[in-house]
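J.: This is protein.cif (mmCIF, C-alpha atoms).
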```cif
data_start
#
loop_
_atom_site.label_atom_id
_atom_site.label_comp_id
_atom_site.auth_asym_id
_atom_site.auth_seq_id
_atom_site.Cartn_x
_atom_site.Cartn_y
_atom_site.Cartn_z
CA MET U 1 -2.96 28.85 42.54
CA ALA U 2 -0.66 27.81 45.34
CA LEU U 3 -1.33 31.09 47.10
CA ASN U 4 -5.06 30.48 46.93
CA ALA U 5 -4.74 27.11 48.56
CA THR U 6 -2.64 28.54 51.37
CA SER U 7 -4.95 31.43 52.10
CA LYS U 8 -7.89 29.06 52.27
CA LEU U 9 -6.04 26.93 54.77
CA LEU U 10 -5.34 29.95 56.92
CA ARG U 11 -8.95 31.00 56.84
CA SER U 12 -10.27 27.64 57.89
CA ALA U 13 -7.92 27.46 60.88
CA SER U 14 -9.00 30.74 62.63
CA PRO U 15 -7.94 29.58 66.12
CA ILE U 16 -8.88 32.91 67.73
CA LYS U 17 -12.52 32.50 66.85
CA LEU U 18 -12.59 29.06 68.47
CA LEU U 19 -11.07 30.38 71.68
CA THR U 20 -13.53 33.20 72.22
CA ALA U 21 -16.46 30.98 71.35
CA SER U 22 -15.86 28.89 74.47
CA TYR U 23 -16.63 31.83 76.79
CA HIS U 24 -20.20 32.86 77.50
CA PRO U 25 -21.16 36.39 76.30
CA ASN U 26 -21.66 37.47 79.94
CA VAL U 27 -18.07 36.51 80.75
CA ILE U 28 -16.73 38.33 77.69
CA ASP U 29 -18.79 41.40 78.61
CA HIS U 30 -17.31 41.56 82.11
CA TYR U 31 -13.85 40.71 80.80
CA GLU U 32 -13.86 43.42 78.16
CA ASN U 33 -15.67 46.03 80.26
CA PRO U 34 -14.81 45.11 83.83
CA ARG U 35 -16.80 47.05 86.42
CA ASN U 36 -15.23 48.66 89.46
CA VAL U 37 -11.58 48.00 88.73
CA GLY U 38 -9.28 49.74 91.17
CA SER U 39 -8.36 50.10 94.80
CA LEU U 40 -9.78 51.65 97.94
CA ASP U 41 -7.76 52.95 100.87
CA LYS U 42 -6.72 49.81 102.74
CA LYS U 43 -6.14 51.76 105.97
CA ASP U 44 -9.63 53.28 106.07
CA ASP U 45 -11.66 51.76 108.93
CA ASN U 46 -14.71 51.63 106.69
CA VAL U 47 -12.90 49.63 104.03
CA GLY U 48 -12.63 45.85 104.12
CA THR U 49 -10.00 44.13 101.99
CA GLY U 50 -10.05 40.54 100.83
CA LEU U 51 -6.97 39.05 99.21
CA VAL U 52 -7.22 35.48 97.93
CA GLY U 53 -5.38 33.21 95.55
CA ALA U 54 -5.84 30.03 93.55
CA PRO U 55 -2.63 27.98 93.62
CA ALA U 56 -3.86 25.64 90.89
CA CYS U 57 -3.72 28.44 88.33
CA GLY U 58 -1.52 31.05 89.99
CA ASP U 59 -4.33 33.61 90.13
CA VAL U 60 -4.53 36.41 92.65
CA MET U 61 -7.66 38.44 93.43
CA LYS U 62 -8.15 41.55 95.59
CA LEU U 63 -11.65 42.69 96.43
CA GLN U 64 -12.45 45.72 98.60
CA ILE U 65 -15.68 47.09 100.00
CA LYS U 66 -16.49 50.46 101.55
CA VAL U 67 -19.27 50.46 104.14
CA ASP U 68 -21.18 53.50 105.42
CA ASP U 69 -22.25 54.03 109.06
CA ASN U 70 -25.56 52.22 108.43
CA GLY U 71 -23.81 49.02 107.41
CA LYS U 72 -24.52 49.54 103.72
CA ILE U 73 -21.86 48.81 101.10
CA ILE U 74 -21.47 52.04 99.17
CA ASP U 75 -18.49 51.13 97.04
CA ALA U 76 -16.64 48.05 95.85
CA LYS U 77 -13.45 47.66 93.86
CA PHE U 78 -11.46 44.72 92.62
CA LYS U 79 -8.19 43.88 91.00
CA THR U 80 -7.68 40.39 89.59
CA PHE U 81 -4.73 38.90 87.79
CA GLY U 82 -5.95 35.68 86.29
CA CYS U 83 -8.08 34.12 83.60
CA GLY U 84 -11.15 35.66 81.99
CA SER U 85 -13.53 33.77 84.26
CA ALA U 86 -11.74 34.96 87.41
CA ILE U 87 -11.87 38.57 86.22
CA ALA U 88 -15.53 38.28 85.22
CA SER U 89 -16.44 36.61 88.54
CA SER U 90 -14.86 39.35 90.63
CA SER U 91 -16.27 42.09 88.41
CA LEU U 92 -19.78 40.67 88.80
CA ALA U 93 -19.28 40.21 92.54
CA THR U 94 -18.44 43.91 93.06
CA GLU U 95 -21.48 44.86 91.02
CA TRP U 96 -23.75 42.70 93.14
CA VAL U 97 -22.53 43.72 96.60
CA LYS U 98 -22.83 47.45 95.90
CA GLY U 99 -25.89 48.82 97.65
CA LYS U 100 -26.34 45.70 99.78
CA THR U 101 -25.92 45.54 103.54
CA VAL U 102 -23.01 43.60 105.03
CA ASP U 103 -25.40 40.82 106.08
CA GLN U 104 -26.95 40.56 102.64
CA ALA U 105 -23.53 40.44 101.01
CA LEU U 106 -22.54 37.54 103.24
CA LYS U 107 -25.30 35.48 101.64
CA LEU U 108 -23.84 35.82 98.16
CA LYS U 109 -23.02 32.34 96.84
CA ASN U 110 -20.52 31.30 94.22
CA THR U 111 -23.29 29.31 92.53
CA ASP U 112 -25.13 32.58 91.81
CA ILE U 113 -22.04 33.98 90.10
CA ALA U 114 -21.42 30.74 88.19
CA LYS U 115 -25.04 30.69 87.01
CA GLU U 116 -25.06 34.29 85.83
CA LEU U 117 -21.83 33.76 83.90
CA SER U 118 -22.72 30.21 82.76
CA LEU U 119 -19.32 28.99 83.91
CA PRO U 120 -18.39 25.46 82.84
CA PRO U 121 -17.44 22.96 85.60
CA VAL U 122 -13.69 23.50 85.10
CA LYS U 123 -14.15 27.22 85.84
CA LEU U 124 -16.38 26.90 88.89
CA HIS U 125 -13.39 27.50 91.17
CA CYS U 126 -13.12 31.02 89.73
CA SER U 127 -16.53 31.89 91.13
CA MET U 128 -15.53 30.26 94.43
CA LEU U 129 -12.50 32.50 94.52
CA ALA U 130 -14.77 35.54 94.13
CA GLU U 131 -17.01 34.32 96.97
CA ASP U 132 -13.93 33.79 99.16
CA ALA U 133 -12.72 37.28 98.30
CA ILE U 134 -16.03 38.86 99.40
CA LYS U 135 -16.08 36.81 102.61
CA ALA U 136 -12.50 37.85 103.33
CA ALA U 137 -13.30 41.52 102.68
CA LEU U 138 -16.38 41.39 104.92
CA SER U 139 -14.48 39.68 107.72
CA ASP U 140 -11.63 42.19 107.43
CA TYR U 141 -14.20 45.00 107.73
CA ARG U 142 -15.80 43.38 110.79
CA ILE U 143 -12.47 42.88 112.54
CA LYS U 144 -11.63 46.54 111.91
CA GLN U 145 -14.97 47.65 113.33
CA LYS U 146 -14.57 45.46 116.43
CA ASN U 147 -11.11 46.89 117.06
CA LYS U 148 -12.50 50.38 116.61
CA ASP U 149 -15.25 49.69 119.17
CA LYS U 150 -12.70 48.33 121.60
CA THR U 151 -10.47 51.38 121.37
CA ALA U 152 -13.55 53.61 121.74
CA GLU U 153 -14.57 51.98 125.01
CA MET J 1 29.83 17.04 92.20
CA PHE J 2 26.18 16.95 91.34
CA LEU J 3 26.88 15.01 88.17
CA ASN J 4 28.83 12.42 90.07
CA THR J 5 26.00 11.91 92.50
CA LEU J 6 23.68 11.46 89.59
CA LYS J 7 25.91 8.92 87.89
CA PHE J 8 26.26 7.01 91.11
CA ALA J 9 22.50 7.06 91.60
CA ASN J 10 21.99 5.74 88.09
CA SER J 11 24.41 2.88 88.40
CA ARG J 12 22.85 1.91 91.69
CA LEU J 13 19.41 1.94 90.12
CA LYS J 14 20.58 -0.34 87.33
CA ILE J 15 21.77 -2.91 89.85
CA VAL J 16 18.48 -2.77 91.71
CA LEU J 17 16.57 -3.19 88.48
CA LYS J 18 18.72 -6.11 87.40
CA TYR J 19 17.76 -8.17 90.41
CA SER J 20 14.19 -7.06 90.73
CA THR J 21 12.98 -7.98 87.27
CA VAL J 22 13.38 -11.73 87.42
CA ALA J 23 9.79 -12.21 86.32
CA ALA J 24 10.02 -9.97 83.24
CA LYS J 25 9.93 -11.97 80.05
CA CYS J 26 10.19 -11.03 76.42
CA TRP J 27 6.64 -11.01 74.97
CA LYS J 28 7.92 -12.49 71.71
CA CYS J 29 10.45 -15.19 72.49
CA GLY J 30 9.65 -15.70 76.18
CA VAL J 31 13.22 -15.47 77.41
CA SER J 32 13.70 -14.07 80.92
CA ARG J 33 15.10 -10.60 80.47
CA GLN J 34 18.21 -9.63 82.39
CA SER J 35 17.51 -5.94 82.36
CA GLN J 36 14.27 -4.08 82.01
CA VAL J 37 16.24 -0.99 81.14
CA ASP J 38 16.98 -2.33 77.67
CA LEU J 39 14.48 -1.31 75.05
CA PHE J 40 14.93 -4.48 73.04
CA CYS J 41 15.07 -8.16 74.01
CA GLU J 42 18.69 -9.19 74.25
CA LYS J 43 17.97 -12.53 72.61
CA CYS J 44 15.54 -11.90 69.77
CA ASN J 45 16.08 -8.14 69.51
CA VAL J 46 12.38 -7.30 69.48
CA ILE J 47 11.07 -4.05 70.97
CA GLN J 48 9.75 -4.35 74.54
CA ALA J 49 6.74 -2.57 75.96
CA PRO J 50 7.36 0.16 78.55
CA THR J 51 6.34 -0.42 82.14
CA LYS J 52 2.95 1.06 82.95
CA GLU J 53 3.90 2.83 86.16
CA GLY J 54 3.46 6.35 84.91
CA ASN J 55 6.81 7.37 86.36
CA PHE J 56 8.50 9.67 83.87
CA PHE J 57 11.82 9.55 85.72
CA LYS J 58 11.98 5.80 85.24
CA VAL J 59 11.46 6.18 81.50
CA PHE J 60 14.96 7.65 81.37
CA ASN J 61 16.30 5.39 84.08
CA TYR J 62 16.54 8.23 86.58
CA GLN J 63 15.92 8.12 90.29
CA ASN J 64 12.91 10.05 91.60
CA SER J 65 14.94 13.19 92.12
CA TYR J 66 14.22 16.77 91.10
CA ASN J 67 17.82 17.19 89.98
CA VAL J 68 17.93 16.20 86.34
CA ASP J 69 20.89 16.99 84.12
CA MET J 70 19.23 18.63 81.10
CA LYS J 71 22.04 17.72 78.71
CA ASP J 72 21.90 14.08 79.72
CA LEU J 73 18.11 14.09 79.48
CA THR J 74 18.15 15.47 75.93
CA ASN J 75 20.87 13.00 74.91
CA LYS J 76 18.90 10.08 76.26
CA TYR J 77 15.71 11.36 74.69
CA ARG J 78 17.31 11.62 71.24
CA LYS J 79 18.99 8.24 71.52
CA MET J 80 15.76 6.56 72.56
CA GLN J 81 13.65 8.18 69.87
CA SER J 82 16.24 7.26 67.25
CA VAL J 83 15.46 3.61 67.88
CA LEU J 84 11.86 3.79 69.16
CA HIS J 85 10.23 6.06 66.62
CA PRO J 86 7.39 4.43 64.63
CA ASP J 87 9.17 5.36 61.40
CA LYS J 88 11.71 2.65 62.24
CA PHE J 89 8.98 0.04 62.40
CA THR J 90 7.17 0.38 59.11
CA ASN J 91 8.35 -3.06 58.00
CA LYS J 92 7.79 -4.74 61.35
CA SER J 93 4.79 -6.63 62.75
CA LYS J 94 1.59 -4.94 63.95
CA GLU J 95 2.47 -5.64 67.60
CA GLU J 96 5.91 -4.11 67.24
CA GLN J 97 4.44 -1.06 65.52
CA GLN J 98 1.95 -0.65 68.31
CA ILE J 99 4.59 -0.93 71.02
CA SER J 100 6.79 1.54 69.18
CA GLU J 101 3.92 4.04 68.98
CA GLU J 102 3.10 3.62 72.63
CA TYR J 103 6.70 3.80 73.78
CA SER J 104 7.63 6.70 71.55
CA SER J 105 4.69 8.80 72.74
CA LEU J 106 5.51 7.94 76.37
CA VAL J 107 9.10 9.10 75.84
CA ASN J 108 7.82 12.35 74.32
CA LYS J 109 5.48 12.96 77.21
CA ALA J 110 8.14 12.11 79.77
CA TYR J 111 10.72 14.33 78.09
CA ASN J 112 8.35 17.29 77.86
CA THR J 113 7.40 16.89 81.50
CA LEU J 114 10.90 16.53 82.91
CA GLN J 115 12.30 19.31 80.78
CA ILE J 116 10.07 22.03 82.26
CA PRO J 117 10.96 22.89 85.88
CA LEU J 118 7.35 23.42 86.98
CA SER J 119 5.90 20.31 85.34
CA ARG J 120 8.84 18.23 86.59
CA ALA J 121 8.12 19.45 90.12
CA LEU J 122 4.40 18.70 89.79
CA HIS J 123 5.16 15.22 88.45
CA LEU J 124 7.54 14.45 91.30
CA LEU J 125 4.95 15.77 93.75
CA SER J 126 2.33 13.46 92.27
CA LEU J 127 4.72 10.51 92.64
CA HIS J 128 4.74 11.37 96.34
CA GLY J 129 0.95 11.15 96.30
CA GLU J 130 0.35 14.91 96.46
CA VAL J 131 -1.38 17.16 93.94
CA ILE J 132 -2.28 20.84 93.81
CA THR J 133 -6.02 21.06 93.21
CA GLU J 134 -8.49 23.85 92.68
CA ASN J 135 -9.57 23.39 96.28
CA ASP J 136 -6.15 24.39 97.56
CA LYS J 137 -6.22 27.94 98.82
CA ALA J 138 -3.36 30.37 99.00
CA THR J 139 -3.84 32.07 102.33
CA ASP J 140 -0.43 33.55 103.10
CA GLN J 141 -1.42 37.22 103.01
CA ASN J 142 2.13 38.49 102.71
CA PHE J 143 2.82 36.26 99.75
CA LEU J 144 -0.44 37.21 98.02
CA MET J 145 0.33 40.87 98.60
CA GLU J 146 3.75 40.39 97.04
CA MET J 147 2.14 38.71 94.02
CA MET J 148 -0.38 41.54 93.71
CA GLU J 149 2.40 44.10 93.77
CA LEU J 150 4.55 42.23 91.25
CA ASN J 151 1.57 41.92 88.93
CA GLU J 152 0.93 45.65 89.25
CA GLU J 153 4.59 46.35 88.53
CA ILE J 154 4.30 44.34 85.32
CA GLU J 155 1.07 46.08 84.40
CA GLU J 156 2.62 49.50 84.94
CA ALA J 157 5.89 48.76 83.12
CA GLU J 158 5.93 51.25 80.28
CA THR J 159 8.96 50.37 78.20
CA PRO J 160 10.01 47.03 76.73
CA ASP J 161 13.27 47.38 78.64
CA ALA J 162 11.40 47.69 81.91
CA LEU J 163 9.46 44.54 81.06
CA LYS J 164 12.63 42.71 80.13
CA ALA J 165 14.25 43.74 83.42
CA LEU J 166 11.22 42.36 85.30
CA ASP J 167 11.43 39.18 83.24
CA LEU J 168 15.08 38.72 84.17
CA LYS J 169 14.32 39.26 87.87
CA ASN J 170 11.46 36.80 87.64
CA LYS J 171 13.68 34.18 86.00
CA GLN J 172 16.20 34.55 88.81
CA VAL J 173 13.48 33.95 91.39
CA LEU J 174 12.35 30.88 89.43
CA SER J 175 15.82 29.35 89.31
CA GLN J 176 16.30 29.94 93.02
CA LEU J 177 12.94 28.27 93.65
CA ALA J 178 14.02 25.28 91.54
CA LEU J 179 17.12 24.89 93.72
CA ASP J 180 15.03 25.13 96.88
CA ILE J 181 12.51 22.61 95.56
CA ALA J 182 15.30 20.14 94.75
CA LYS J 183 16.74 20.50 98.25
CA THR J 184 13.34 20.12 99.89
CA PHE J 185 12.49 16.98 97.94
CA ASP J 186 15.90 15.52 98.77
CA GLY J 187 15.24 16.27 102.42
CA GLY J 188 11.93 14.45 102.20
CA ASN J 189 9.77 17.38 103.27
CA ILE J 190 6.91 16.93 100.81
CA ALA J 191 4.53 19.43 102.42
CA MET J 192 7.20 22.10 102.20
CA ALA J 193 7.95 21.11 98.59
CA LYS J 194 4.28 21.58 97.78
CA GLU J 195 4.36 25.10 99.24
CA LEU J 196 7.40 25.96 97.15
CA ILE J 197 5.82 24.51 94.00
CA ILE J 198 2.74 26.67 94.57
CA LYS J 199 5.08 29.66 94.74
CA MET J 200 6.74 28.50 91.54
CA LYS J 201 3.34 28.32 89.93
CA TYR J 202 2.67 31.95 90.80
CA PHE J 203 6.03 33.16 89.52
CA ASN J 204 5.49 31.06 86.42
CA SER J 205 2.18 32.86 85.83
CA LEU J 206 4.00 36.18 86.26
CA GLY J 207 6.50 35.10 83.62
CA MET J 208 3.73 34.16 81.22
CA ARG J 209 2.06 37.54 81.73
CA ILE J 210 5.33 39.33 80.99
CA ASN J 211 5.77 37.23 77.84
CA THR J 212 2.25 37.97 76.68
CA LEU J 213 2.85 41.70 77.13
CA LEU J 214 6.15 41.50 75.26
CA ARG J 215 4.50 39.56 72.45
CA ASP J 216 1.65 42.05 72.26
CA ARG J 217 4.23 44.75 71.68
CA GLY J 218 5.81 42.70 68.95
CA ILE J 219 8.97 41.86 70.87
CA VAL J 220 10.17 38.32 70.46
CA ASP J 221 13.49 37.10 71.71
#
```
Write the structure described by the file as structure tokens, please.
T.:
Amino acid sequence: MALNATSKLLRSASPIKLLTASYHPNVIDHYENPRNVGSLDKKDDNVGTGLVGAPACGDVMKLQIKVDDNGKIIDAKFKTFGCGSAIASSSLATEWVKGKTVDQALKLKNTDIAKELSLPPVKLHCSMLAEDAIKAALSDYRIKQKNKDKTAE
Amino acid sequence: MFLNTLKFANSRLKIVLKYSTVAAKCWKCGVSRQSQVDLFCEKCNVIQAPTKEGNFFKVFNYQNSYNVDMKDLTNKYRKMQSVLHPDKFTNKSKEEQQISEEYSSLVNKAYNTLQIPLSRALHLLSLHGEVITENDKATDQNFLMEMMELNEEIEEAETPDALKALDLKNKQVLSQLALDIAKTFDGGNIAMAKELIIKMKYFNSLGMRINTLLRDRGIVD
């Protein structure tokens, strides 16, 4: 009798269910099966690395792109230590920039990421972090290329 | 040494308060109150409402200083709750019950905030008119690289002992940061304090990640 009452109480609480329900399926998908996790060779001239952080939550995000001689992004990798939304945002960002040119990738907006993942207002900064990471990676790549041109001259 | 400074600071604060609260009156009997530090009116012994400044240091009659003696804080907290708790007011008037509820919950909030090094630092920062928002960016590449590497170290730690060793190292960094933050606040360099608090936030996140991993493996201290 008493045991029954207790087990019912436990069932009705189910805090884990409540937590997962607040994330959109697209976020959970990227969180559980993140695309392109890993690292590229930082010293490679064709690799751009972006390293950004969000002080408000103590998150850190690394996003790298590999560009071929035609200016096309042929590979992208990321490593994010942070919340589910930050991981999903960077995972989606690597997926999107792959196959794009450097100029096209520059046009990627955090609002696109936020929309695709249906991020709530409090998590918008996660998508901004991903945009910053791409911008930082692209600018790192460009600086490397400029330096390469200079030394070639 | 540190304790003495604190005691001195407290006594000085009491004197300041004594002379600055001429206007404060007991809401019940209307007598001018000598000291706003007292929780009850010295004449009619009725509970007094807390000030609405939102300064958690003041709740415990502390100066706005990062250095808080934890033992003293807990003592004060227990003493205050032993007289402020709503359970003590079940036979009192509605107003008194309401004040007790309000005061008791304020004391809880203040205690919880001051007790935790990071939240105490953030509270003190906010009293200086500064907050860390989502728009703040960490740009120090060396620091971010260090955080990346520490996170990877945690991720790659295979044994519980390795995780525990990382946890210990992390805790040492956090206590050093707390000392630095105290010094920086005392020196009045708020911008620098903010930088250090951001660092503390990162190391705090590292600690939480280590704890989660330890918990996942069924290790609880």
J.: Of the residues U:Ala136, U:Ala76, U:Leu40, U:Leu119, which is the one nearest to chain J, using all atoms listed in the file?
T.: U:Ala136
J.: What would the selection look like, as number ranges by chain, if the PyMOL selection byres ((chain J) within 9 of (chain U)) were run on the coordinates I just shared?
T.: J: 132-141, 144-145, 147-148, 151-152, 198-206
J.: What would the selection look like, as JSON, numbers by chain, if the PyMOL selection byres ((chain J and resi 71-76) around 10) were run on the coordinates I just shared?
T.: {"J": [3, 57, 59, 60, 61, 62, 68, 69, 70, 77, 78, 79, 80, 81, 82, 107, 111, 114, 115]}
J.: Selection in question (the file shown): the PyMOL selection byres ((chain J and resi 125-127) around 8). Which residues does it include, as a list in words?
T.: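 Output of the PyMOL selection byres ((chain J and resi 125-127) around 8): Asn55, Ala121, Leu122, His123, Leu124, His128, Gly129, Glu130, Val131, Ile190, Ala193 and Lys194 of chain J.
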J.: Can you measure atom CA of U:Val27 to atom CA of U:Lys98 for me? One decimal in Å is fine.
T.: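 Straight-line distance from atom CA of U:Val27 to atom CA of U:Lys98 works out to 19.3 Å.
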J.: Take atom CA of U:Ser39 and atom CA of J:Asn170 and report the distance between them in Å, one decimal.
T.: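 Distance reported for this atom pair: 24.9 Å.
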J.: Tell me, as an MDAnalysis selection string, which residues lie within 6 Å of U:Tyr141, counting only C-alpha atoms; anything in the same chain fewer than 3 positions away does not count.
T.: chainID U and resid 48 138 144
J.: Provide the atom CA of J:Gly54 to atom CA of J:Glu102 distance in Å, to one decimal place.
T.: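 Interatomic distance, atom CA of J:Gly54 to atom CA of J:Glu102: 12.6 Å.
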J.: Can I get stretch 36-65 of chain U with N, CA and C atoms filled in, as a PDB file, in the frame of the given file?
T.:
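As written to disk, selection-v5.pdb reads:
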```
ATOM      1  N   ASN U  36     -15.839  48.411  88.139  1.00  0.00           N
ATOM      2  CA  ASN U  36     -15.230  48.660  89.460  1.00  0.00           C
ATOM      3  C   ASN U  36     -13.789  48.181  89.621  1.00  0.00           C
ATOM      4  N   VAL U  37     -12.988  48.335  88.577  1.00  0.00           N
ATOM      5  CA  VAL U  37     -11.580  48.000  88.730  1.00  0.00           C
ATOM      6  C   VAL U  37     -10.882  49.112  89.502  1.00  0.00           C
ATOM      7  N   GLY U  38     -10.039  48.723  90.438  1.00  0.00           N
ATOM      8  CA  GLY U  38      -9.280  49.740  91.170  1.00  0.00           C
ATOM      9  C   GLY U  38      -9.053  49.357  92.608  1.00  0.00           C
ATOM     10  N   SER U  39      -8.688  50.355  93.399  1.00  0.00           N
ATOM     11  CA  SER U  39      -8.360  50.100  94.800  1.00  0.00           C
ATOM     12  C   SER U  39      -9.027  51.138  95.690  1.00  0.00           C
ATOM     13  N   LEU U  40      -9.318  50.726  96.910  1.00  0.00           N
ATOM     14  CA  LEU U  40      -9.780  51.650  97.940  1.00  0.00           C
ATOM     15  C   LEU U  40      -8.693  51.752  99.001  1.00  0.00           C
ATOM     16  N   ASP U  41      -8.799  52.756  99.851  1.00  0.00           N
ATOM     17  CA  ASP U  41      -7.760  52.950 100.870  1.00  0.00           C
ATOM     18  C   ASP U  41      -7.822  51.823 101.903  1.00  0.00           C
ATOM     19  N   LYS U  42      -6.775  50.992 101.882  1.00  0.00           N
ATOM     20  CA  LYS U  42      -6.720  49.810 102.740  1.00  0.00           C
ATOM     21  C   LYS U  42      -6.765  50.184 104.219  1.00  0.00           C
ATOM     22  N   LYS U  43      -6.261  51.386 104.554  1.00  0.00           N
ATOM     23  CA  LYS U  43      -6.140  51.760 105.970  1.00  0.00           C
ATOM     24  C   LYS U  43      -7.420  52.368 106.530  1.00  0.00           C
ATOM     25  N   ASP U  44      -8.353  52.711 105.643  1.00  0.00           N
ATOM     26  CA  ASP U  44      -9.630  53.280 106.070  1.00  0.00           C
ATOM     27  C   ASP U  44     -10.401  52.242 106.901  1.00  0.00           C
ATOM     28  N   ASP U  45     -10.913  52.672 108.058  1.00  0.00           N
ATOM     29  CA  ASP U  45     -11.660  51.760 108.930  1.00  0.00           C
ATOM     30  C   ASP U  45     -12.954  51.259 108.286  1.00  0.00           C
ATOM     31  N   ASN U  46     -13.456  52.013 107.334  1.00  0.00           N
ATOM     32  CA  ASN U  46     -14.710  51.630 106.690  1.00  0.00           C
ATOM     33  C   ASN U  46     -14.484  50.756 105.443  1.00  0.00           C
ATOM     34  N   VAL U  47     -13.230  50.447 105.205  1.00  0.00           N
ATOM     35  CA  VAL U  47     -12.900  49.630 104.030  1.00  0.00           C
ATOM     36  C   VAL U  47     -12.458  48.231 104.475  1.00  0.00           C
ATOM     37  N   GLY U  48     -13.056  47.220 103.860  1.00  0.00           N
ATOM     38  CA  GLY U  48     -12.630  45.850 104.120  1.00  0.00           C
ATOM     39  C   GLY U  48     -11.903  45.312 102.885  1.00  0.00           C
ATOM     40  N   THR U  49     -10.777  44.647 103.116  1.00  0.00           N
ATOM     41  CA  THR U  49     -10.000  44.130 101.990  1.00  0.00           C
ATOM     42  C   THR U  49      -9.905  42.611 102.038  1.00  0.00           C
ATOM     43  N   GLY U  50     -10.187  41.988 100.930  1.00  0.00           N
ATOM     44  CA  GLY U  50     -10.050  40.540 100.830  1.00  0.00           C
ATOM     45  C   GLY U  50      -9.018  40.207  99.762  1.00  0.00           C
ATOM     46  N   LEU U  51      -8.029  39.416 100.150  1.00  0.00           N
ATOM     47  CA  LEU U  51      -6.970  39.050  99.210  1.00  0.00           C
ATOM     48  C   LEU U  51      -6.902  37.525  99.175  1.00  0.00           C
ATOM     49  N   VAL U  52      -7.216  36.945  98.024  1.00  0.00           N
ATOM     50  CA  VAL U  52      -7.220  35.480  97.930  1.00  0.00           C
ATOM     51  C   VAL U  52      -6.476  35.017  96.689  1.00  0.00           C
ATOM     52  N   GLY U  53      -6.115  33.740  96.695  1.00  0.00           N
ATOM     53  CA  GLY U  53      -5.380  33.210  95.550  1.00  0.00           C
ATOM     54  C   GLY U  53      -5.758  31.778  95.239  1.00  0.00           C
ATOM     55  N   ALA U  54      -5.583  31.404  93.989  1.00  0.00           N
ATOM     56  CA  ALA U  54      -5.840  30.030  93.550  1.00  0.00           C
ATOM     57  C   ALA U  54      -4.524  29.402  93.101  1.00  0.00           C
ATOM     58  N   PRO U  55      -3.927  28.575  93.950  1.00  0.00           N
ATOM     59  CA  PRO U  55      -2.630  27.980  93.620  1.00  0.00           C
ATOM     60  C   PRO U  55      -2.665  27.145  92.334  1.00  0.00           C
ATOM     61  N   ALA U  56      -3.801  26.518  92.057  1.00  0.00           N
ATOM     62  CA  ALA U  56      -3.860  25.640  90.890  1.00  0.00           C
ATOM     63  C   ALA U  56      -3.603  26.404  89.597  1.00  0.00           C
ATOM     64  N   CYS U  57      -3.970  27.704  89.570  1.00  0.00           N
ATOM     65  CA  CYS U  57      -3.720  28.440  88.330  1.00  0.00           C
ATOM     66  C   CYS U  57      -2.825  29.656  88.541  1.00  0.00           C
ATOM     67  N   GLY U  58      -2.389  29.900  89.757  1.00  0.00           N
ATOM     68  CA  GLY U  58      -1.520  31.050  89.990  1.00  0.00           C
ATOM     69  C   GLY U  58      -2.230  32.378  89.892  1.00  0.00           C
ATOM     70  N   ASP U  59      -3.546  32.383  90.180  1.00  0.00           N
ATOM     71  CA  ASP U  59      -4.330  33.610  90.130  1.00  0.00           C
ATOM     72  C   ASP U  59      -4.292  34.330  91.468  1.00  0.00           C
ATOM     73  N   VAL U  60      -4.411  35.653  91.419  1.00  0.00           N
ATOM     74  CA  VAL U  60      -4.530  36.410  92.650  1.00  0.00           C
ATOM     75  C   VAL U  60      -5.639  37.449  92.472  1.00  0.00           C
ATOM     76  N   MET U  61      -6.468  37.595  93.519  1.00  0.00           N
ATOM     77  CA  MET U  61      -7.660  38.440  93.430  1.00  0.00           C
ATOM     78  C   MET U  61      -7.761  39.310  94.679  1.00  0.00           C
ATOM     79  N   LYS U  62      -7.949  40.628  94.452  1.00  0.00           N
ATOM     80  CA  LYS U  62      -8.150  41.550  95.590  1.00  0.00           C
ATOM     81  C   LYS U  62      -9.511  42.176  95.419  1.00  0.00           C
ATOM     82  N   LEU U  63     -10.312  42.098  96.491  1.00  0.00           N
ATOM     83  CA  LEU U  63     -11.650  42.690  96.430  1.00  0.00           C
ATOM     84  C   LEU U  63     -11.847  43.551  97.676  1.00  0.00           C
ATOM     85  N   GLN U  64     -12.280  44.795  97.468  1.00  0.00           N
ATOM     86  CA  GLN U  64     -12.450  45.720  98.600  1.00  0.00           C
ATOM     87  C   GLN U  64     -13.864  46.285  98.622  1.00  0.00           C
ATOM     88  N   ILE U  65     -14.359  46.479  99.848  1.00  0.00           N
ATOM     89  CA  ILE U  65     -15.680  47.090 100.000  1.00  0.00           C
ATOM     90  C   ILE U  65     -15.568  48.297 100.909  1.00  0.00           C
TER      91      ILE U  65
END
```
